[in-house]
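Heads up, start-v6.txt below (compact mmCIF, C-alpha atoms):
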# COMPACT_ATOMS: atom_id res chain seq x y z
CA MET T 252 48.21 174.19 43.12
CA MET T 253 50.46 172.19 45.46
CA GLY T 254 51.09 169.59 42.69
CA ARG T 255 52.16 172.30 40.22
CA TRP T 256 54.45 173.86 42.86
CA LEU T 257 56.10 170.51 43.62
CA ALA T 258 56.54 169.77 39.91
CA GLY T 259 58.12 173.17 39.35
CA ARG T 260 60.43 172.72 42.35
CA THR T 261 61.52 169.29 41.08
CA LYS T 262 62.31 170.72 37.68
CA ARG T 263 64.31 173.60 39.20
CA ASP T 264 66.21 171.16 41.44
CA GLN T 265 67.12 169.03 38.42
CA GLN T 266 68.30 172.07 36.49
CA THR T 267 70.68 173.06 39.29
CA GLY T 268 71.40 169.60 40.77
CA PRO T 269 73.80 166.84 39.79
CA LEU T 270 72.04 166.18 36.47
CA ALA T 271 72.19 169.80 35.32
CA ALA T 272 75.19 169.16 33.06
CA VAL T 273 74.11 165.68 31.93
CA GLN T 274 71.82 165.44 28.91
CA THR T 275 69.55 162.43 29.33
CA PRO T 276 66.69 161.14 27.17
CA SER T 277 63.24 161.33 28.73
CA ASN T 278 63.17 157.59 29.44
CA ALA T 279 66.67 157.38 30.94
CA GLY T 280 68.48 158.10 34.18
CA VAL T 281 72.03 158.32 35.47
CA LEU T 282 73.89 155.71 37.54
CA SER T 283 76.99 156.70 39.46
CA CYS T 284 79.37 155.28 42.02
CA ARG T 285 82.82 155.79 43.54
CA VAL T 286 85.06 152.76 44.05
CA LEU T 287 87.36 152.76 47.08
CA SER T 288 89.96 150.46 48.59
CA PRO T 289 89.69 149.29 52.23
CA ALA T 290 92.02 152.23 53.05
CA ASP T 291 89.43 154.65 51.56
CA GLU T 292 91.68 155.36 48.58
CA PRO T 293 90.15 155.67 45.09
CA VAL T 294 90.60 152.67 42.80
CA PRO T 295 91.22 154.00 39.29
CA HIS T 296 90.76 151.85 36.18
CA ALA T 297 88.46 149.41 37.98
CA ARG T 298 86.29 147.67 35.39
CA PHE T 299 82.54 148.07 35.74
CA ALA T 300 79.64 146.52 33.83
CA VAL T 301 75.94 147.30 34.12
CA GLY T 302 73.72 144.38 33.07
CA ASP T 303 69.95 144.16 32.66
CA ALA T 304 67.59 141.47 33.95
CA SER T 305 68.36 139.18 31.00
CA GLY T 306 72.11 139.33 31.69
CA HIS T 307 72.86 141.58 28.71
CA THR T 308 75.59 144.16 29.34
CA VAL T 309 74.09 147.60 28.78
CA VAL T 310 77.21 149.64 29.45
CA GLU T 311 80.76 148.92 30.60
CA GLY T 312 83.99 150.81 31.12
CA GLU T 313 86.59 151.86 33.71
CA THR T 314 86.55 154.19 36.67
CA ASP T 315 88.32 157.53 36.29
CA PRO T 316 91.50 158.56 38.20
CA PHE T 317 89.30 159.37 41.20
CA GLY T 318 87.65 155.95 41.24
CA SER T 319 84.33 157.25 39.93
CA PHE T 320 82.07 156.53 36.99
CA VAL T 321 78.86 158.02 35.64
CA ALA T 322 76.69 156.18 33.10
CA THR T 323 73.40 157.07 31.41
CA VAL T 324 71.09 154.07 30.96
CA PRO T 325 67.41 153.49 30.20
CA ALA T 326 65.21 153.41 33.28
CA GLY T 327 65.01 149.92 34.72
CA GLU T 328 66.41 147.26 37.02
CA TYR T 329 70.11 146.46 36.73
CA ARG T 330 73.01 144.59 38.29
CA LEU T 331 76.32 146.37 38.70
CA GLU T 332 79.58 144.42 38.69
CA VAL T 333 82.92 145.99 39.64
CA LEU T 334 86.22 144.17 39.05
CA ALA T 335 89.69 145.37 40.02
CA GLU T 336 93.01 143.58 40.13
CA GLY T 337 93.78 142.32 43.62
CA TYR T 338 90.21 142.77 44.89
CA MET T 339 87.19 140.50 45.20
CA PRO T 340 84.40 141.11 42.65
CA TYR T 341 81.64 143.44 43.82
CA ARG T 342 78.09 142.91 42.60
CA VAL T 343 74.93 144.76 43.61
CA PRO T 344 71.40 145.26 42.17
CA CYS T 345 70.33 148.83 41.41
CA THR T 346 67.30 150.69 40.12
CA VAL T 347 67.44 153.61 37.72
CA THR T 348 64.35 155.79 37.27
CA GLU T 349 63.59 158.33 34.55
CA ASN T 350 65.36 161.69 34.69
CA SER T 351 66.99 160.99 38.04
CA LEU T 352 70.36 160.21 39.55
CA ALA T 353 70.80 156.75 41.05
CA SER T 354 73.93 157.17 43.13
CA LEU T 355 75.35 154.13 44.88
CA GLY T 356 77.73 156.37 46.82
CA ASP T 357 81.04 154.86 47.88
CA VAL T 358 81.64 151.20 47.14
CA THR T 359 84.47 149.64 49.16
CA LEU T 360 86.19 146.64 47.61
CA GLN T 361 87.60 143.83 49.70
CA VAL T 362 91.15 142.61 49.15
CA GLU T 363 91.31 139.27 47.34
CA GLN T 364 93.02 136.49 49.22
CA PRO T 365 96.30 135.56 47.50
CA MET T 366 96.39 132.18 45.79
CA GLU T 367 98.61 129.45 47.15
CA MET T 368 101.97 129.57 45.38
CA PRO T 369 103.77 126.49 44.01
CA ALA T 370 106.22 124.82 46.37
CA PRO T 371 109.87 125.79 45.91
CA GLY T 372 111.73 123.49 43.56
CA ASP T 373 112.09 122.61 39.90
CA TRP T 374 108.94 122.46 37.75
CA GLU T 375 108.55 121.67 34.07
CA ILE T 376 105.98 122.54 31.39
CA ASP T 377 103.48 119.80 30.58
CA LEU T 378 103.29 120.05 26.78
CA ALA T 379 100.03 118.08 26.61
CA HIS T 380 98.24 120.75 28.65
CA SER T 381 100.06 123.88 27.47
CA SER T 382 100.07 126.00 24.32
CA VAL T 383 101.99 128.79 22.62
CA THR T 384 99.87 130.58 20.03
CA CYS T 385 100.40 133.70 17.96
CA THR T 386 98.17 136.06 16.00
CA ALA T 387 99.24 138.51 13.31
CA GLN T 388 97.46 140.78 10.91
CA HIS T 389 97.47 139.49 7.34
CA ILE T 390 98.26 142.51 5.16
CA GLY T 391 95.12 143.73 3.45
CA VAL T 392 93.07 140.72 4.51
CA ALA T 393 92.46 139.46 8.05
CA ARG T 394 94.23 137.91 11.01
CA VAL T 395 96.43 134.82 10.83
CA HIS T 396 96.42 132.43 13.79
CA GLY T 397 99.21 129.99 14.45
CA ARG T 398 100.78 127.84 17.13
CA PHE T 399 104.01 126.06 17.92
CA ASN T 400 103.42 122.35 18.34
CA SER T 401 106.65 121.51 20.16
CA PHE T 402 108.28 123.35 23.05
CA ALA T 403 109.69 122.66 26.49
CA GLY T 404 110.45 124.69 29.56
CA THR T 405 111.44 124.61 33.20
CA ALA T 406 110.95 126.92 36.15
CA ARG T 407 112.98 127.02 39.34
CA ILE T 408 110.60 128.38 41.98
CA THR T 409 112.11 129.89 45.11
CA ASP T 410 110.77 130.95 48.50
CA ASP T 411 110.86 134.51 47.15
CA PRO T 412 108.62 134.36 44.04
CA THR T 413 110.34 137.41 42.53
CA GLN T 414 113.52 135.36 42.20
CA THR T 415 111.87 132.55 40.25
CA ALA T 416 113.76 131.64 37.05
CA MET T 417 112.23 130.29 33.84
CA HIS T 418 113.70 128.94 30.61
CA VAL T 419 111.52 128.06 27.60
CA VAL T 420 112.71 126.53 24.30
CA ILE T 421 110.41 126.47 21.25
CA ASP T 422 111.03 124.34 18.17
CA ALA T 423 110.67 127.02 15.47
CA ALA T 424 110.05 124.45 12.71
CA THR T 425 106.79 123.36 14.37
CA ILE T 426 105.00 126.60 13.47
CA ASP T 427 101.49 125.63 12.34
CA THR T 428 98.93 128.02 10.80
CA ASN T 429 96.87 125.24 9.22
CA MET T 430 98.15 126.04 5.71
CA LYS T 431 101.18 124.14 4.41
CA MET T 432 102.29 126.75 1.85
CA ARG T 433 102.20 129.53 4.45
CA ASP T 434 103.97 127.38 7.03
CA ASP T 435 106.72 126.57 4.52
CA HIS T 436 107.15 130.32 3.94
CA LEU T 437 107.31 130.95 7.68
CA ARG T 438 110.04 128.34 8.06
CA SER T 439 112.05 129.74 5.13
CA GLU T 440 114.88 132.27 5.26
CA ASP T 441 112.33 135.00 4.47
CA PHE T 442 110.77 134.43 7.88
CA LEU T 443 112.07 132.35 10.80
CA ASP T 444 114.90 130.73 8.85
CA VAL T 445 114.64 127.56 10.92
CA GLU T 446 117.69 125.92 9.34
CA ARG T 447 119.95 128.63 10.80
CA PHE T 448 117.88 129.34 13.91
CA PRO T 449 116.08 126.12 14.90
CA THR T 450 114.91 127.34 18.31
CA ILE T 451 113.25 130.35 19.91
CA GLU T 452 114.31 130.75 23.54
CA PHE T 453 113.21 132.82 26.50
CA TYR T 454 115.25 133.30 29.70
CA SER T 455 113.50 135.13 32.50
CA ASP T 456 115.42 137.78 34.43
CA ARG T 457 112.93 138.67 37.15
CA PHE T 458 109.29 138.43 38.20
CA GLU T 459 107.71 141.73 39.29
CA PRO T 460 104.38 141.68 41.18
CA GLN T 461 101.70 143.80 39.54
CA GLY T 462 99.02 143.43 42.17
CA GLY T 463 96.69 140.53 42.86
CA ASN T 464 97.70 137.50 40.85
CA ARG T 465 99.34 139.39 38.01
CA TRP T 466 103.08 139.43 37.39
CA ALA T 467 105.38 141.07 34.89
CA VAL T 468 107.90 138.47 33.73
CA ILE T 469 110.87 140.32 32.30
CA GLY T 470 113.51 138.45 30.38
CA GLU T 471 115.52 137.94 27.21
CA LEU T 472 113.95 136.48 24.08
CA TRP T 473 116.20 134.94 21.41
CA LEU T 474 114.46 134.95 18.03
CA HIS T 475 116.03 134.74 14.57
CA GLY T 476 119.48 135.08 16.12
CA VAL T 477 118.61 138.36 17.88
CA ALA T 478 118.16 138.85 21.64
CA ARG T 479 115.72 141.45 22.95
CA THR T 480 114.29 142.22 26.38
CA VAL T 481 110.57 141.49 26.47
CA THR T 482 107.93 141.62 29.19
CA LEU T 483 105.25 138.97 29.59
CA ASP T 484 102.01 140.02 31.25
CA MET T 485 101.35 136.91 33.33
CA GLU T 486 98.29 135.92 35.34
CA TYR T 487 98.79 133.18 37.92
CA LEU T 488 95.66 130.99 38.07
CA GLY T 489 96.57 128.89 41.10
CA LEU T 490 97.16 125.22 41.82
CA ALA T 491 95.15 122.27 40.50
CA HIS T 492 95.33 118.50 40.68
CA GLY T 493 95.73 116.21 37.67
CA LEU T 494 94.06 112.87 37.05
CA GLU T 495 96.80 111.06 38.96
CA GLY T 496 96.67 113.49 41.87
CA GLU T 497 99.76 115.43 40.81
CA VAL T 498 99.88 119.12 41.68
CA ARG T 499 99.85 121.54 38.74
CA ALA T 500 100.62 125.24 38.71
CA VAL T 501 98.55 127.05 36.07
CA CYS T 502 99.23 130.42 34.48
CA ARG T 503 98.68 132.36 31.28
CA ALA T 504 100.79 135.11 29.74
CA THR T 505 100.70 137.44 26.77
CA THR T 506 103.02 139.84 24.99
CA LYS T 507 103.36 141.67 21.68
CA LEU T 508 106.44 141.40 19.47
CA HIS T 509 107.54 143.65 16.62
CA ARG T 510 109.14 141.45 13.97
CA GLY T 511 111.45 144.26 12.83
CA GLN T 512 113.18 144.23 16.22
CA PHE T 513 114.27 140.65 15.55
CA ALA T 514 115.52 141.22 12.00
CA VAL T 515 112.56 139.28 10.63
CA SER T 516 111.75 141.07 7.38
CA TRP T 517 110.34 139.77 4.13
CA GLN T 518 110.19 142.86 1.96
CA THR T 519 111.35 140.76 -1.01
CA MET T 520 108.11 138.84 -0.79
CA LEU T 521 106.09 142.05 -0.71
CA ALA T 522 107.99 143.26 -3.76
CA ARG T 523 106.85 140.12 -5.56
CA GLY T 524 103.26 140.88 -4.58
CA VAL T 525 103.00 138.13 -1.99
CA ALA T 526 100.91 139.26 0.99
CA ALA T 527 102.64 138.61 4.32
CA VAL T 528 101.75 138.99 7.96
CA GLY T 529 101.91 142.42 9.55
CA PRO T 530 104.64 143.84 11.79
CA ILE T 531 103.02 143.14 15.19
CA VAL T 532 102.59 139.59 16.50
CA GLN T 533 100.43 138.87 19.54
CA VAL T 534 101.73 135.91 21.55
CA ASP T 535 99.48 134.05 24.01
CA ILE T 536 100.82 131.37 26.32
CA ASP T 537 98.86 128.94 28.48
CA VAL T 538 101.01 126.81 30.74
CA GLN T 539 100.60 124.00 33.24
CA LEU T 540 103.69 123.23 35.30
CA VAL T 541 104.29 119.95 37.12
CA ALA T 542 106.94 119.35 39.74
CA LYS T 543 109.94 117.38 38.56
CA SER T 544 110.13 113.96 40.20

Representation of the structure as structure tokens:
Amino acid sequence: MMGRWLAGRTKRDQQTGPLAAVQTPSNAGVLSCRVLSPADEPVPHARFAVGDASGHTVVEGETDPFGSFVATVPAGEYRLEVLAEGYMPYRVPCTVTENSLASLGDVTLQVEQPMEMPAPGDWEIDLAHSSVTCTAQHIGVARVHGRFNSFAGTARITDDPTQTAMHVVIDAATIDTNMKMRDDHLRSEDFLDVERFPTIEFYSDRFEPQGGNRWAVIGELWLHGVARTVTLDMEYLGLAHGLEGEVRAVCRATTKLHRGQFAVSWQTMLARGVAAVGPIVQVDIDVQLVAKS
């Protein structure tokens, strides 16, 4: 009698409790958590991943505007990882049982210690340890990957990092997609027109902190004789030492360019039935800077 009463009470509690509006399979439960800053403010868009004992990610996503997430997973043992820009990673084991709510309550993230910044002065890109790559959709087929094999750049770093200035020059003729015929087309007047516009240049205007080690680098890009304001999403990866003990500043950046904004159009090729790359080009930059001697 007592067992039937307890079972009925549990069922009624579940029907009116936190799981009442969540449909879960019989062998699953619900995992929830709220992510807060040290000031007890919600951290929206924090990335979370729930992994099983073998390290496989079962579910992942972002917290909502209130810093919360709710995920339905099979009953079992898991490890939760929470990552947010400017905060130290948070990892914790958790257990989810069938038809129940496993709430971790409030999780408070700790502020990540800022990385040491490069010393003020003039720094230059080390070509041997840097790359500028691009990816574009090939119309009707797949993606095309390319890189520029020759470029140079300098950065004047100041005591106030937001006032740092950068100038990068790319040799447009060194475009390399690992296919000579395509590269010849890219260098032609239908594409980059390297005879008229031999270089692609970027002049930074300002560095805006985005939290943690991320920066928005806003500046002017000269491509195909046209100047446009672009924003690089840059992640500063800190300082490292080279084989000869030299200090290196390491960062990566990415942006997306619309070729139409730079008067790069090859509709004549399309009219002849020649498939070309799509309108959006993803640019990825990995850079190591060394101090000028």

- Task: Point out the residue among T:His380, T:Arg447, T:Arg433, T:His418 with the least atom-to-atom distance to Val395 of chain T, counting all atoms listed in the file.
- Result: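 For Val395 of chain T, the nearest of the candidates is T:Arg433.
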
- What is the distance, in Å and to one decimal place, between atom CA of Phe458 of chain T and atom CA of Ala416 of chain T? 8.2 Å

- Counting only C-alpha atoms, figure out which residue out of T:Met432, T:Met368, T:Ala335, T:Ala467 gets nearest to Asp411 of chain T.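 Closest to Asp411 of chain T, using only C-alpha atoms: T:Met368.
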
- Task: Determine the nearest neighbour of Glu349 of chain T from the options T:Gly327, T:Pro289, T:Gly302, T:Pro530, counting only C-alpha atoms.
- Result: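 The closest residue to Glu349 of chain T is T:Gly327.
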
- Residues within 10 Å of Pro460 of chain T, all atoms listed in the file, excluding chain neighbours under 4 positions, as a list in words: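 These residues fall inside the cut-off: Pro412, Thr413, Asn464, Arg465, Trp466, Ala467, Val468 and Met485 of chain T.
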
- Query: If we count all atoms listed in the file, what is near Asp291 of chain T at a cut-off of 10 Å, once residues fewer than 2 positions away on the same chain are taken out, given as a PyMOL selection string?
  - Reply: chain T and resi 286-289+293-294+357-360

Store the residues picked out above in a file with C-alpha atoms, as a compact mmCIF listing (two decimals), in the frame of the given file.
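What landed in again_21.txt:
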# COMPACT_ATOMS: atom_id res chain seq x y z
CA VAL T 286 85.06 152.76 44.05
CA LEU T 287 87.36 152.76 47.08
CA SER T 288 89.96 150.46 48.59
CA PRO T 289 89.69 149.29 52.23
CA PRO T 293 90.15 155.67 45.09
CA VAL T 294 90.60 152.67 42.80
CA ASP T 357 81.04 154.86 47.88
CA VAL T 358 81.64 151.20 47.14
CA THR T 359 84.47 149.64 49.16
CA LEU T 360 86.19 146.64 47.61

- Message: Could you tell me how far atom CA of Thr308 of chain T sits from atom CA of Pro344 of chain T, in Å to one decimal place?
- Response: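 Taking atom CA of Pro344 of chain T as the start and atom CA of Thr308 of chain T as the end point, the length is 13.5 Å.
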
- Query: Separation of atom CA of Ser382 of chain T and atom CA of Leu490 of chain T, in Å?
  - Reply: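 Straight-line distance from atom CA of Ser382 of chain T to atom CA of Leu490 of chain T works out to 17.8 Å.
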
- Item | Using only C-alpha atoms: which of T:Gly306, T:Leu483, T:Lys431, T:Pro325 has the shortest distance to Val281 of chain T |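 Closest to Val281 of chain T, using only C-alpha atoms: T:Pro325.
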
- Task: Excluding Leu488 of chain T and residues on its chain fewer than 3 positions from it, collect all residues at most 12 Å away from it, counting all atoms listed in the file, and give them as a count of residues only.
- Result: 21

- Message: Considering all atoms listed in the file, can you say which of T:Ala542, T:Val309, T:Ile536, T:Ala353 comes closest to Ser381 of chain T?
- Response: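 The answer is T:Ile536, which sits nearest to Ser381 of chain T.
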
Missing atoms in segment 272-287 of chain T should be modelled up to N, CA, C and O atoms and reported as a compact mmCIF listing (two decimals), in the coordinates of the input.
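Saved the output as result.txt:
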# COMPACT_ATOMS: atom_id res chain seq x y z
N ALA T 272 74.25 169.17 34.19
CA ALA T 272 75.19 169.16 33.06
C ALA T 272 75.12 167.87 32.26
O ALA T 272 75.89 167.68 31.33
N VAL T 273 74.20 166.96 32.62
CA VAL T 273 74.11 165.68 31.93
C VAL T 273 72.83 165.66 31.10
O VAL T 273 71.73 165.79 31.64
N GLN T 274 72.97 165.52 29.79
CA GLN T 274 71.82 165.44 28.91
C GLN T 274 71.33 164.00 28.86
O GLN T 274 72.04 163.10 28.43
N THR T 275 70.10 163.78 29.32
CA THR T 275 69.55 162.43 29.33
C THR T 275 68.24 162.39 28.55
O THR T 275 67.45 163.33 28.61
N PRO T 276 68.00 161.30 27.81
CA PRO T 276 66.69 161.14 27.17
C PRO T 276 65.59 161.06 28.21
O PRO T 276 65.84 160.78 29.39
N SER T 277 64.36 161.28 27.79
CA SER T 277 63.24 161.33 28.73
C SER T 277 63.02 160.01 29.45
O SER T 277 62.48 159.98 30.56
N ASN T 278 63.41 158.90 28.83
CA ASN T 278 63.17 157.59 29.44
C ASN T 278 64.41 157.02 30.11
O ASN T 278 64.50 155.82 30.36
N ALA T 279 65.41 157.86 30.39
CA ALA T 279 66.67 157.38 30.94
C ALA T 279 67.02 158.09 32.24
O ALA T 279 66.45 159.13 32.58
N GLY T 280 67.96 157.50 32.97
CA GLY T 280 68.48 158.10 34.18
C GLY T 280 69.99 157.92 34.23
O GLY T 280 70.60 157.36 33.31
N VAL T 281 70.58 158.35 35.33
CA VAL T 281 72.03 158.32 35.47
C VAL T 281 72.40 157.45 36.67
O VAL T 281 71.82 157.59 37.75
N LEU T 282 73.37 156.57 36.47
CA LEU T 282 73.89 155.71 37.54
C LEU T 282 75.32 156.11 37.83
O LEU T 282 76.12 156.31 36.91
N SER T 283 75.63 156.28 39.10
CA SER T 283 76.99 156.70 39.46
C SER T 283 77.45 155.96 40.71
O SER T 283 76.65 155.41 41.47
N CYS T 284 78.78 155.97 40.89
CA CYS T 284 79.37 155.28 42.02
C CYS T 284 80.83 155.68 42.13
O CYS T 284 81.44 156.10 41.15
N ARG T 285 81.39 155.58 43.34
CA ARG T 285 82.82 155.79 43.54
C ARG T 285 83.38 154.53 44.18
O ARG T 285 82.84 154.04 45.17
N VAL T 286 84.47 154.02 43.60
CA VAL T 286 85.06 152.76 44.05
C VAL T 286 86.28 153.07 44.91
O VAL T 286 87.20 153.78 44.48
N LEU T 287 86.29 152.50 46.13
CA LEU T 287 87.36 152.76 47.08
C LEU T 287 88.02 151.46 47.52
O LEU T 287 87.41 150.39 47.49
